[in-house]
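Asks: Have a look at this one before I ask anything.
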Amino acid sequence: IPIPHAPAFVEGVLHLRGSMLPVVDLRRRLLGQVAPETKRTRLLVCRLGTRRVAVRVDRVAEVLRIRKGDIKPAPALMAAGRTPFVVGVCGPPERLRLLLDLKALLRSELDRELRGPTAG
């Protein structure tokens with residue numbers, strides 16, 4: 001269901017197991033591009049504090065469990081504020097993975113919707 005006046009990267013909301021979840025297009029949020037839906041397009045349900053959000057991604061290659069000790073700080077160029085959504089990297093050099101901060105990705109325009117109504 002589309003949401004009037006929502007940020008462009010918010011596709012709408014969906015009903016899942018009794019809850020309404022905002023649906024965010026990750027490609028549109030990061031790159032400003034809309035990807036056509038394919039057989040590989042997926043919605044990932046993510047928890048942000050006490051709220052959940054559905055994140056649309058182009059595809060899911062694998063699901064990993066990563067120990068905190070395996071996460072290395074983001075390179076200095078990234079830490080300089082140019083890529084504020086990257087919180088770290090992990091994995092061997094030939095399969096390095098960037099770890100995104102989903103809260104930071106959605107904090108700006110979507111922050112009000114995720115927190116819900118505020119008192120006056």
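Naming scheme: A, B, ... for chains in displayed order of the structure tokens; residues 1 onward per chain; ligands 1 onward as shown.
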Looking only at alpha helix (DSSP H) from DSSP on the backbone, list the matching residues of chain A as a ChimeraX atom specification.

Replies: /A:26-31,76-77,102-107,111-115

Asks: Got a sec: who's within 9 Å of Leu98 of chain A, counting only C-alpha atoms, leaving out chain neighbours fewer than 3 positions off, as a compact mmCIF listing (two decimals) with N, CA, C and O atoms, in the first residue's frame?

Replies:
```
# COMPACT_ATOMS: atom_id res chain seq x y z
N ALA A 74 35.62 0.46 9.59
CA ALA A 74 35.58 0.89 8.20
C ALA A 74 36.88 1.61 7.87
O ALA A 74 37.45 2.29 8.73
N VAL A 86 28.21 2.86 6.39
CA VAL A 86 29.08 1.70 6.55
C VAL A 86 29.64 1.71 7.96
O VAL A 86 30.30 2.65 8.37
N VAL A 87 29.38 0.65 8.73
CA VAL A 87 29.85 0.59 10.11
C VAL A 87 31.11 -0.25 10.26
O VAL A 87 31.78 -0.16 11.27
N GLY A 88 31.42 -1.05 9.27
CA GLY A 88 32.61 -1.87 9.36
C GLY A 88 32.72 -2.81 8.18
O GLY A 88 31.91 -2.76 7.26
N VAL A 89 33.75 -3.64 8.23
CA VAL A 89 33.98 -4.64 7.19
C VAL A 89 34.30 -5.97 7.88
O VAL A 89 34.72 -6.00 9.03
N CYS A 90 34.11 -7.05 7.15
CA CYS A 90 34.46 -8.35 7.69
C CYS A 90 34.77 -9.30 6.54
O CYS A 90 34.43 -9.02 5.39
```

Asks: Segment 36-44 of chain A: which residues within 12 Å, counting only C-alpha atoms, same-chain residues fewer than 3 positions away excluded, as a CSV table (one decimal) with N, CA and C atoms, in the first residue's frame?

Replies:
```csv
chain,number,residue,atom,x,y,z
A,11,GLU,N,8.5,2.5,-0.3
A,11,GLU,CA,7.6,2.0,-1.3
A,11,GLU,C,6.1,2.0,-0.8
A,13,VAL,N,3.6,0.3,2.7
A,13,VAL,CA,3.6,-0.6,3.9
A,13,VAL,C,3.0,-1.9,3.5
A,14,LEU,N,3.3,-2.9,4.3
A,14,LEU,CA,2.7,-4.2,4.0
A,14,LEU,C,2.2,-4.8,5.4
A,16,LEU,N,2.0,-7.8,7.8
A,16,LEU,CA,2.7,-9.1,8.0
A,16,LEU,C,2.4,-9.6,9.4
A,21,LEU,N,4.3,-2.9,8.3
A,21,LEU,CA,5.7,-2.6,8.2
A,21,LEU,C,5.9,-1.7,7.0
A,22,PRO,N,6.8,-0.6,7.3
A,22,PRO,CA,7.2,0.2,6.1
A,22,PRO,C,8.1,-0.6,5.2
A,23,VAL,N,8.0,-0.4,3.9
A,23,VAL,CA,8.8,-1.1,2.9
A,23,VAL,C,9.7,-0.1,2.3
A,24,VAL,N,11.0,-0.4,2.5
A,24,VAL,CA,12.1,0.5,2.0
A,24,VAL,C,12.9,-0.1,0.9
A,25,ASP,N,13.0,0.6,-0.2
A,25,ASP,CA,13.8,0.1,-1.3
A,25,ASP,C,15.3,0.5,-1.1
A,26,LEU,N,16.1,-0.5,-0.8
A,26,LEU,CA,17.5,-0.2,-0.4
A,26,LEU,C,18.3,0.4,-1.6
A,27,ARG,N,18.1,-0.1,-2.8
A,27,ARG,CA,18.8,0.5,-4.0
A,27,ARG,C,18.4,2.0,-4.2
A,28,ARG,N,17.1,2.3,-4.1
A,28,ARG,CA,16.7,3.6,-4.2
A,28,ARG,C,17.3,4.5,-3.1
A,33,GLN,N,18.3,4.9,-7.5
A,33,GLN,CA,17.8,4.2,-8.7
A,33,GLN,C,16.7,3.2,-8.3
A,47,ARG,N,14.7,-5.8,12.3
A,47,ARG,CA,14.3,-5.2,13.6
A,47,ARG,C,15.2,-4.0,13.8
A,52,ARG,N,9.9,-3.0,13.3
A,52,ARG,CA,10.4,-3.8,12.2
A,52,ARG,C,10.1,-3.1,10.9
A,53,VAL,N,11.0,-3.3,9.9
A,53,VAL,CA,10.9,-2.7,8.6
A,53,VAL,C,11.2,-3.8,7.6
A,54,ALA,N,10.5,-3.7,6.4
A,54,ALA,CA,10.8,-4.6,5.3
A,54,ALA,C,11.8,-3.8,4.4
A,55,VAL,N,12.9,-4.4,4.1
A,55,VAL,CA,13.9,-3.8,3.2
A,55,VAL,C,13.9,-4.6,1.9
A,56,ARG,N,13.6,-3.9,0.8
A,56,ARG,CA,13.7,-4.5,-0.5
A,56,ARG,C,15.1,-4.5,-1.1
A,57,VAL,N,15.6,-5.7,-1.4
A,57,VAL,CA,16.9,-5.8,-2.0
A,57,VAL,C,16.9,-6.5,-3.3
A,58,ASP,N,17.9,-6.3,-4.1
A,58,ASP,CA,17.9,-6.9,-5.5
A,58,ASP,C,18.0,-8.5,-5.4
A,59,ARG,N,18.8,-9.0,-4.4
A,59,ARG,CA,18.9,-10.4,-4.2
A,59,ARG,C,19.6,-10.7,-2.9
A,60,VAL,N,19.5,-11.9,-2.4
A,60,VAL,CA,20.2,-12.4,-1.2
A,60,VAL,C,21.1,-13.5,-1.7
A,61,ALA,N,22.4,-13.2,-1.5
A,61,ALA,CA,23.4,-14.2,-1.9
A,61,ALA,C,23.7,-15.2,-0.8
A,63,VAL,N,23.3,-15.8,3.9
A,63,VAL,CA,23.0,-15.2,5.2
A,63,VAL,C,24.1,-15.7,6.1
A,102,LEU,N,21.8,-0.1,9.2
A,102,LEU,CA,20.4,0.1,8.8
A,102,LEU,C,19.7,1.3,9.5
```

Asks: Do you have the atom CA of Leu31 of chain A-atom CA of Pro73 of chain A distance handy?

Replies: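 These atoms are spaced 23.0 Å apart.
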
Asks: In Å to one decimal, how far is atom CA of Val34 of chain A from atom CA of Arg95 of chain A?

Replies: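 Computing it gives 26.4 Å between the two atoms.
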
Asks: Output as a PDB file with N, CA, C and O atoms, in the first residue's frame all residues of chain A that backbone DSSP marks as strand (DSSP E).

Replies:
```
ATOM      1  N   VAL A  10      10.641   5.002   0.252  1.00  0.00           N
ATOM      2  CA  VAL A  10       9.629   4.217   0.972  1.00  0.00           C
ATOM      3  C   VAL A  10       8.565   3.807  -0.040  1.00  0.00           C
ATOM      4  O   VAL A  10       7.837   4.638  -0.563  1.00  0.00           O
ATOM      5  N   GLU A  11       8.506   2.501  -0.319  1.00  0.00           N
ATOM      6  CA  GLU A  11       7.562   2.007  -1.317  1.00  0.00           C
ATOM      7  C   GLU A  11       6.136   1.954  -0.794  1.00  0.00           C
ATOM      8  O   GLU A  11       5.196   1.986  -1.557  1.00  0.00           O
ATOM      9  N   GLY A  12       5.984   1.827   0.505  1.00  0.00           N
ATOM     10  CA  GLY A  12       4.658   1.741   1.089  1.00  0.00           C
ATOM     11  C   GLY A  12       4.714   0.950   2.368  1.00  0.00           C
ATOM     12  O   GLY A  12       5.748   0.912   3.037  1.00  0.00           O
ATOM     13  N   VAL A  13       3.610   0.302   2.697  1.00  0.00           N
ATOM     14  CA  VAL A  13       3.554  -0.553   3.878  1.00  0.00           C
ATOM     15  C   VAL A  13       2.967  -1.896   3.469  1.00  0.00           C
ATOM     16  O   VAL A  13       2.266  -2.009   2.471  1.00  0.00           O
ATOM     17  N   LEU A  14       3.272  -2.911   4.273  1.00  0.00           N
ATOM     18  CA  LEU A  14       2.658  -4.210   4.050  1.00  0.00           C
ATOM     19  C   LEU A  14       2.190  -4.764   5.380  1.00  0.00           C
ATOM     20  O   LEU A  14       2.692  -4.384   6.437  1.00  0.00           O
ATOM     21  N   HIS A  15       1.220  -5.620   5.306  1.00  0.00           N
ATOM     22  CA  HIS A  15       0.659  -6.249   6.493  1.00  0.00           C
ATOM     23  C   HIS A  15       1.326  -7.611   6.644  1.00  0.00           C
ATOM     24  O   HIS A  15       1.273  -8.434   5.738  1.00  0.00           O
ATOM     25  N   LEU A  16       1.974  -7.849   7.782  1.00  0.00           N
ATOM     26  CA  LEU A  16       2.660  -9.111   8.025  1.00  0.00           C
ATOM     27  C   LEU A  16       2.371  -9.577   9.437  1.00  0.00           C
ATOM     28  O   LEU A  16       2.752  -8.914  10.410  1.00  0.00           O
ATOM     29  N   SER A  19       1.002  -7.017  11.851  1.00  0.00           N
ATOM     30  CA  SER A  19       1.713  -5.739  11.969  1.00  0.00           C
ATOM     31  C   SER A  19       1.824  -5.065  10.615  1.00  0.00           C
ATOM     32  O   SER A  19       1.887  -5.725   9.585  1.00  0.00           O
ATOM     33  N   MET A  20       1.858  -3.744  10.643  1.00  0.00           N
ATOM     34  CA  MET A  20       2.093  -2.966   9.427  1.00  0.00           C
ATOM     35  C   MET A  20       3.563  -2.581   9.407  1.00  0.00           C
ATOM     36  O   MET A  20       4.071  -2.004  10.372  1.00  0.00           O
ATOM     37  N   LEU A  21       4.272  -2.927   8.326  1.00  0.00           N
ATOM     38  CA  LEU A  21       5.700  -2.646   8.202  1.00  0.00           C
ATOM     39  C   LEU A  21       5.948  -1.694   7.042  1.00  0.00           C
ATOM     40  O   LEU A  21       5.419  -1.912   5.947  1.00  0.00           O
ATOM     41  N   PRO A  22       6.759  -0.637   7.250  1.00  0.00           N
ATOM     42  CA  PRO A  22       7.161   0.183   6.113  1.00  0.00           C
ATOM     43  C   PRO A  22       8.071  -0.645   5.211  1.00  0.00           C
ATOM     44  O   PRO A  22       8.855  -1.468   5.688  1.00  0.00           O
ATOM     45  N   VAL A  23       7.957  -0.436   3.896  1.00  0.00           N
ATOM     46  CA  VAL A  23       8.791  -1.137   2.925  1.00  0.00           C
ATOM     47  C   VAL A  23       9.742  -0.114   2.310  1.00  0.00           C
ATOM     48  O   VAL A  23       9.313   0.875   1.722  1.00  0.00           O
ATOM     49  N   VAL A  24      11.050  -0.371   2.481  1.00  0.00           N
ATOM     50  CA  VAL A  24      12.087   0.544   2.017  1.00  0.00           C
ATOM     51  C   VAL A  24      12.867  -0.114   0.891  1.00  0.00           C
ATOM     52  O   VAL A  24      13.296  -1.265   1.015  1.00  0.00           O
ATOM     53  N   ASP A  25      13.050   0.597  -0.218  1.00  0.00           N
ATOM     54  CA  ASP A  25      13.844   0.102  -1.337  1.00  0.00           C
ATOM     55  C   ASP A  25      15.300   0.507  -1.093  1.00  0.00           C
ATOM     56  O   ASP A  25      15.646   1.688  -1.170  1.00  0.00           O
ATOM     57  N   ARG A  42      13.995  -9.636  -3.093  1.00  0.00           N
ATOM     58  CA  ARG A  42      13.526 -10.146  -1.808  1.00  0.00           C
ATOM     59  C   ARG A  42      13.193  -8.990  -0.867  1.00  0.00           C
ATOM     60  O   ARG A  42      13.716  -7.893  -1.003  1.00  0.00           O
ATOM     61  N   LEU A  43      12.340  -9.277   0.106  1.00  0.00           N
ATOM     62  CA  LEU A  43      12.081  -8.370   1.208  1.00  0.00           C
ATOM     63  C   LEU A  43      12.689  -8.991   2.451  1.00  0.00           C
ATOM     64  O   LEU A  43      12.359 -10.124   2.808  1.00  0.00           O
ATOM     65  N   LEU A  44      13.588  -8.255   3.097  1.00  0.00           N
ATOM     66  CA  LEU A  44      14.187  -8.697   4.347  1.00  0.00           C
ATOM     67  C   LEU A  44      13.474  -7.978   5.481  1.00  0.00           C
ATOM     68  O   LEU A  44      13.395  -6.747   5.482  1.00  0.00           O
ATOM     69  N   VAL A  45      12.958  -8.720   6.434  1.00  0.00           N
ATOM     70  CA  VAL A  45      12.318  -8.105   7.590  1.00  0.00           C
ATOM     71  C   VAL A  45      13.397  -7.906   8.645  1.00  0.00           C
ATOM     72  O   VAL A  45      14.036  -8.861   9.083  1.00  0.00           O
ATOM     73  N   CYS A  46      13.618  -6.651   9.016  1.00  0.00           N
ATOM     74  CA  CYS A  46      14.696  -6.287   9.947  1.00  0.00           C
ATOM     75  C   CYS A  46      14.103  -5.617  11.177  1.00  0.00           C
ATOM     76  O   CYS A  46      13.116  -4.894  11.084  1.00  0.00           O
ATOM     77  N   ARG A  47      14.743  -5.846  12.300  1.00  0.00           N
ATOM     78  CA  ARG A  47      14.312  -5.227  13.556  1.00  0.00           C
ATOM     79  C   ARG A  47      15.176  -3.991  13.811  1.00  0.00           C
ATOM     80  O   ARG A  47      16.396  -4.039  13.745  1.00  0.00           O
ATOM     81  N   LEU A  48      14.500  -2.885  14.112  1.00  0.00           N
ATOM     82  CA  LEU A  48      15.165  -1.633  14.481  1.00  0.00           C
ATOM     83  C   LEU A  48      14.616  -1.231  15.842  1.00  0.00           C
ATOM     84  O   LEU A  48      13.553  -0.634  15.929  1.00  0.00           O
ATOM     85  N   ARG A  51      10.775  -1.768  16.613  1.00  0.00           N
ATOM     86  CA  ARG A  51      10.026  -1.734  15.347  1.00  0.00           C
ATOM     87  C   ARG A  51      10.649  -2.677  14.328  1.00  0.00           C
ATOM     88  O   ARG A  51      11.815  -3.047  14.436  1.00  0.00           O
ATOM     89  N   ARG A  52       9.857  -3.033  13.317  1.00  0.00           N
ATOM     90  CA  ARG A  52      10.365  -3.829  12.209  1.00  0.00           C
ATOM     91  C   ARG A  52      10.146  -3.064  10.920  1.00  0.00           C
ATOM     92  O   ARG A  52       9.213  -2.264  10.805  1.00  0.00           O
ATOM     93  N   VAL A  53      10.996  -3.323   9.938  1.00  0.00           N
ATOM     94  CA  VAL A  53      10.894  -2.697   8.629  1.00  0.00           C
ATOM     95  C   VAL A  53      11.224  -3.764   7.586  1.00  0.00           C
ATOM     96  O   VAL A  53      12.043  -4.652   7.827  1.00  0.00           O
ATOM     97  N   ALA A  54      10.549  -3.703   6.437  1.00  0.00           N
ATOM     98  CA  ALA A  54      10.845  -4.601   5.328  1.00  0.00           C
ATOM     99  C   ALA A  54      11.756  -3.844   4.362  1.00  0.00           C
ATOM    100  O   ALA A  54      11.432  -2.735   3.932  1.00  0.00           O
ATOM    101  N   VAL A  55      12.906  -4.427   4.052  1.00  0.00           N
ATOM    102  CA  VAL A  55      13.885  -3.793   3.178  1.00  0.00           C
ATOM    103  C   VAL A  55      13.925  -4.573   1.868  1.00  0.00           C
ATOM    104  O   VAL A  55      14.208  -5.772   1.859  1.00  0.00           O
ATOM    105  N   ARG A  56      13.630  -3.897   0.769  1.00  0.00           N
ATOM    106  CA  ARG A  56      13.661  -4.529  -0.548  1.00  0.00           C
ATOM    107  C   ARG A  56      15.096  -4.525  -1.060  1.00  0.00           C
ATOM    108  O   ARG A  56      15.744  -3.475  -1.098  1.00  0.00           O
ATOM    109  N   VAL A  57      15.588  -5.697  -1.432  1.00  0.00           N
ATOM    110  CA  VAL A  57      16.938  -5.840  -1.965  1.00  0.00           C
ATOM    111  C   VAL A  57      16.869  -6.538  -3.317  1.00  0.00           C
ATOM    112  O   VAL A  57      15.907  -7.256  -3.610  1.00  0.00           O
ATOM    113  N   VAL A  86      28.205   2.864   6.386  1.00  0.00           N
ATOM    114  CA  VAL A  86      29.079   1.704   6.547  1.00  0.00           C
ATOM    115  C   VAL A  86      29.640   1.712   7.962  1.00  0.00           C
ATOM    116  O   VAL A  86      30.300   2.650   8.372  1.00  0.00           O
ATOM    117  N   VAL A  87      29.381   0.646   8.726  1.00  0.00           N
ATOM    118  CA  VAL A  87      29.853   0.588  10.107  1.00  0.00           C
ATOM    119  C   VAL A  87      31.109  -0.247  10.258  1.00  0.00           C
ATOM    120  O   VAL A  87      31.785  -0.158  11.271  1.00  0.00           O
ATOM    121  N   GLY A  88      31.420  -1.045   9.268  1.00  0.00           N
ATOM    122  CA  GLY A  88      32.614  -1.873   9.363  1.00  0.00           C
ATOM    123  C   GLY A  88      32.719  -2.805   8.180  1.00  0.00           C
ATOM    124  O   GLY A  88      31.907  -2.763   7.256  1.00  0.00           O
ATOM    125  N   VAL A  89      33.752  -3.636   8.227  1.00  0.00           N
ATOM    126  CA  VAL A  89      33.980  -4.644   7.189  1.00  0.00           C
ATOM    127  C   VAL A  89      34.298  -5.966   7.880  1.00  0.00           C
ATOM    128  O   VAL A  89      34.723  -5.997   9.031  1.00  0.00           O
ATOM    129  N   CYS A  90      34.106  -7.048   7.154  1.00  0.00           N
ATOM    130  CA  CYS A  90      34.462  -8.354   7.692  1.00  0.00           C
ATOM    131  C   CYS A  90      34.765  -9.298   6.537  1.00  0.00           C
ATOM    132  O   CYS A  90      34.434  -9.015   5.386  1.00  0.00           O
ATOM    133  N   ARG A  97      33.281  -7.951   2.945  1.00  0.00           N
ATOM    134  CA  ARG A  97      31.887  -7.511   2.988  1.00  0.00           C
ATOM    135  C   ARG A  97      31.792  -6.196   3.759  1.00  0.00           C
ATOM    136  O   ARG A  97      32.387  -6.056   4.814  1.00  0.00           O
ATOM    137  N   LEU A  98      31.015  -5.272   3.220  1.00  0.00           N
ATOM    138  CA  LEU A  98      30.726  -4.028   3.916  1.00  0.00           C
ATOM    139  C   LEU A  98      29.503  -4.256   4.784  1.00  0.00           C
ATOM    140  O   LEU A  98      28.521  -4.860   4.340  1.00  0.00           O
ATOM    141  N   LEU A  99      29.535  -3.774   6.002  1.00  0.00           N
ATOM    142  CA  LEU A  99      28.393  -3.901   6.909  1.00  0.00           C
ATOM    143  C   LEU A  99      27.680  -2.559   6.982  1.00  0.00           C
ATOM    144  O   LEU A  99      28.290  -1.539   7.328  1.00  0.00           O
ATOM    145  N   LEU A 100      26.407  -2.565   6.646  1.00  0.00           N
ATOM    146  CA  LEU A 100      25.626  -1.335   6.630  1.00  0.00           C
ATOM    147  C   LEU A 100      24.936  -1.113   7.963  1.00  0.00           C
ATOM    148  O   LEU A 100      24.497  -2.056   8.610  1.00  0.00           O
TER     149      LEU A 100
END
```
